[in-house]
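Data first, discussion second: the structure below is written as structure tokens.
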Amino acid sequence: MKFTPAPLGGALIIDIEPIADDRGYFSYLYCARQAAEHGIATSVAQVKLSYNKRKGTLRGMHFQVPPAAETKLVRCTRGAVWDVIVDLRPDSPTYLKNFGVELSADNHRALFVPAMFAHGYQTLSDDAEVTYQVDEFYAPQHERGLRYDDRRLGLTWPLPVAVISPKDASWPLLEAAGATFR
């Protein structure tokens, strides 16, 4: 696997390194030893699958606060998504900065999302599937979110929003959410 630092501290783009022959190729998607060498938590509490029927579907911007803050390894296994993260660590030099990257079944790319980063994505195709490998259990009492269209965050989505849940559409603006980061 090839690990490339993203512009936000601690976030990584992970590309496969296929070993090809006449049959096709073989590649590692995850290796605990390599993950640990790059600062990725090697414990896995849950692996989740998100299926999205329609192009333009938006999910996010989600995160969990301590003591249940979670890291995520996100990969698109069918179709394509525009994956976005926002650094919510107040002491970070990249605090409130965002980064987006295309994850697709074709590029086999994954994004490592550190704890205390908001995360979301928009589907670029119909029938998109996204898997999450997380190091903490889902804890609804520690779940938080930010509005996908908050001007202060400056998020850019490639398509008009076709589908969004009422919960995701009603997350607070950054101004109102500041106290909920902890």
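Going by the structure tokens order, chains are called A, B, ..., each with residues numbered from 1, while ligands are numbered from 1 in the order shown.
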Residues at most 8 Å from Cys76 (chain A), counting only C-alpha atoms, excluding those fewer than 5 positions away in the same chain, as an NGL selection string? :A and (81 or 103-105 or 108-110 or 128-131)
Just list the residues in region 19-113 of chain A DSSP gives strand (DSSP E) on the backbone, as a PyMOL selection string. chain A and resi 19-21+24-26+46-52+58-64+72-78+80-87+98-104+110-113
Looking at A:Ala68, A:Leu111, A:Ala35, A:Ala139, which one is nearest to Ile13 (chain A), with distances taken over only C-alpha atoms?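 Between A:Ala68, A:Leu111, A:Ala35, A:Ala139, the residue approaching Ile13 (chain A) most closely is A:Leu111.
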From A:Thr71, A:Asn52, A:Ser170, A:Thr4, residue lying nearest Asp149 (chain A) [only C-alpha atoms]: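 For Asp149 (chain A), the nearest of the candidates is A:Ser170.
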In Å, how far is it from CA of Trp82 (chain A) to CA of His119 (chain A)?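 CA of His119 (chain A) lies 11.0 Å from CA of Trp82 (chain A).
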Residue contacts of Asp150 (chain A) (9 Å, only C-alpha atoms) excluding same-chain residues fewer than 6 positions away, as a PyMOL selection string: chain A and resi 172-174
For region 62-67 of chain A: contacts at 10 Å, only C-alpha atoms, fewer than 3 positions along chain excluded, given as a ChimeraX atom specification: /A:59,70-72,85-86,88,115-121,136-148,168,171,180-182
Restrict the selected residues to N, CA and C atoms and save them as a tab-separated table (two decimals), in the first residue's frame.
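Writing done, so here's part.tsv:
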chain	number	residue	atom	x	y	z
A	59	ARG	N	-24.07	12.62	2.50
A	59	ARG	CA	-24.06	12.13	3.87
A	59	ARG	C	-22.97	12.89	4.63
A	70	GLU	N	-13.65	8.71	17.04
A	70	GLU	CA	-13.25	7.56	16.23
A	70	GLU	C	-12.39	7.97	15.05
A	71	THR	N	-11.51	7.06	14.66
A	71	THR	CA	-10.80	7.19	13.40
A	71	THR	C	-11.55	6.31	12.40
A	72	LYS	N	-11.42	6.67	11.11
A	72	LYS	CA	-12.13	5.94	10.07
A	72	LYS	C	-11.17	5.67	8.91
A	85	ILE	N	-13.30	15.89	4.46
A	85	ILE	CA	-13.00	15.93	5.88
A	85	ILE	C	-12.72	17.37	6.31
A	86	VAL	N	-13.01	17.65	7.59
A	86	VAL	CA	-12.74	18.96	8.20
A	86	VAL	C	-12.04	18.71	9.52
A	88	LEU	N	-11.25	19.38	13.14
A	88	LEU	CA	-11.92	20.04	14.26
A	88	LEU	C	-11.06	20.08	15.52
A	115	ALA	N	-9.24	11.01	14.36
A	115	ALA	CA	-10.25	11.40	15.35
A	115	ALA	C	-10.39	12.92	15.36
A	116	MET	N	-11.60	13.37	15.63
A	116	MET	CA	-11.96	14.79	15.70
A	116	MET	C	-11.86	15.48	14.34
A	117	PHE	N	-12.16	14.72	13.30
A	117	PHE	CA	-12.37	15.28	11.98
A	117	PHE	C	-13.84	15.03	11.62
A	118	ALA	N	-14.53	16.04	11.13
A	118	ALA	CA	-15.86	15.82	10.57
A	118	ALA	C	-15.67	15.15	9.22
A	119	HIS	N	-16.59	14.25	8.87
A	119	HIS	CA	-16.46	13.48	7.64
A	119	HIS	C	-17.81	13.41	6.93
A	120	GLY	N	-17.76	13.52	5.62
A	120	GLY	CA	-18.96	13.35	4.81
A	120	GLY	C	-18.58	13.07	3.37
A	121	TYR	N	-19.57	12.71	2.58
A	121	TYR	CA	-19.31	12.49	1.16
A	121	TYR	C	-20.56	12.72	0.34
A	136	GLU	N	-13.75	2.74	17.00
A	136	GLU	CA	-14.64	2.91	18.16
A	136	GLU	C	-16.04	2.47	17.77
A	137	PHE	N	-16.83	2.09	18.76
A	137	PHE	CA	-18.21	1.72	18.51
A	137	PHE	C	-19.06	2.97	18.33
A	138	TYR	N	-20.12	2.85	17.55
A	138	TYR	CA	-21.05	3.96	17.39
A	138	TYR	C	-21.65	4.29	18.75
A	139	ALA	N	-21.60	5.55	19.13
A	139	ALA	CA	-22.10	6.02	20.42
A	139	ALA	C	-22.99	7.23	20.18
A	140	PRO	N	-24.30	7.04	20.04
A	140	PRO	CA	-25.18	8.14	19.68
A	140	PRO	C	-25.07	9.35	20.61
A	141	GLN	N	-24.79	9.11	21.90
A	141	GLN	CA	-24.67	10.22	22.84
A	141	GLN	C	-23.42	11.07	22.57
A	142	HIS	N	-22.47	10.56	21.80
A	142	HIS	CA	-21.25	11.30	21.48
A	142	HIS	C	-21.20	11.72	20.01
A	143	GLU	N	-22.27	11.44	19.29
A	143	GLU	CA	-22.33	11.81	17.87
A	143	GLU	C	-22.61	13.30	17.72
A	144	ARG	N	-21.93	13.90	16.78
A	144	ARG	CA	-22.12	15.31	16.45
A	144	ARG	C	-22.06	15.45	14.93
A	145	GLY	N	-22.40	16.63	14.47
A	145	GLY	CA	-22.31	16.89	13.04
A	145	GLY	C	-22.31	18.38	12.77
A	146	LEU	N	-21.92	18.72	11.57
A	146	LEU	CA	-21.92	20.11	11.10
A	146	LEU	C	-22.67	20.17	9.78
A	147	ARG	N	-23.22	21.32	9.49
A	147	ARG	CA	-23.98	21.49	8.26
A	147	ARG	C	-23.07	21.44	7.04
A	148	TYR	N	-23.48	20.69	6.07
A	148	TYR	CA	-22.75	20.51	4.82
A	148	TYR	C	-22.63	21.80	4.01
A	168	ASP	N	-29.05	15.16	8.66
A	168	ASP	CA	-27.86	15.79	8.10
A	168	ASP	C	-28.13	17.21	7.63
A	171	TRP	N	-28.01	19.64	10.92
A	171	TRP	CA	-26.89	19.82	11.84
A	171	TRP	C	-26.66	21.31	12.03
A	180	THR	N	-19.98	21.87	21.14
A	180	THR	CA	-20.27	20.43	21.03
A	180	THR	C	-19.06	19.64	20.55
A	181	PHE	N	-17.93	20.26	20.31
A	181	PHE	CA	-16.74	19.54	19.85
A	181	PHE	C	-16.13	18.71	20.97
A	182	ARG	N	-16.47	18.98	22.20
A	182	ARG	CA	-15.87	18.29	23.33
A	182	ARG	C	-16.86	17.36	23.98
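Between Ala32 (chain A) and the residues A:Val74, A:Leu12, A:Tyr51, A:Met1, the shortest atom-to-atom distance, using only C-alpha atoms, involves A:Met1.
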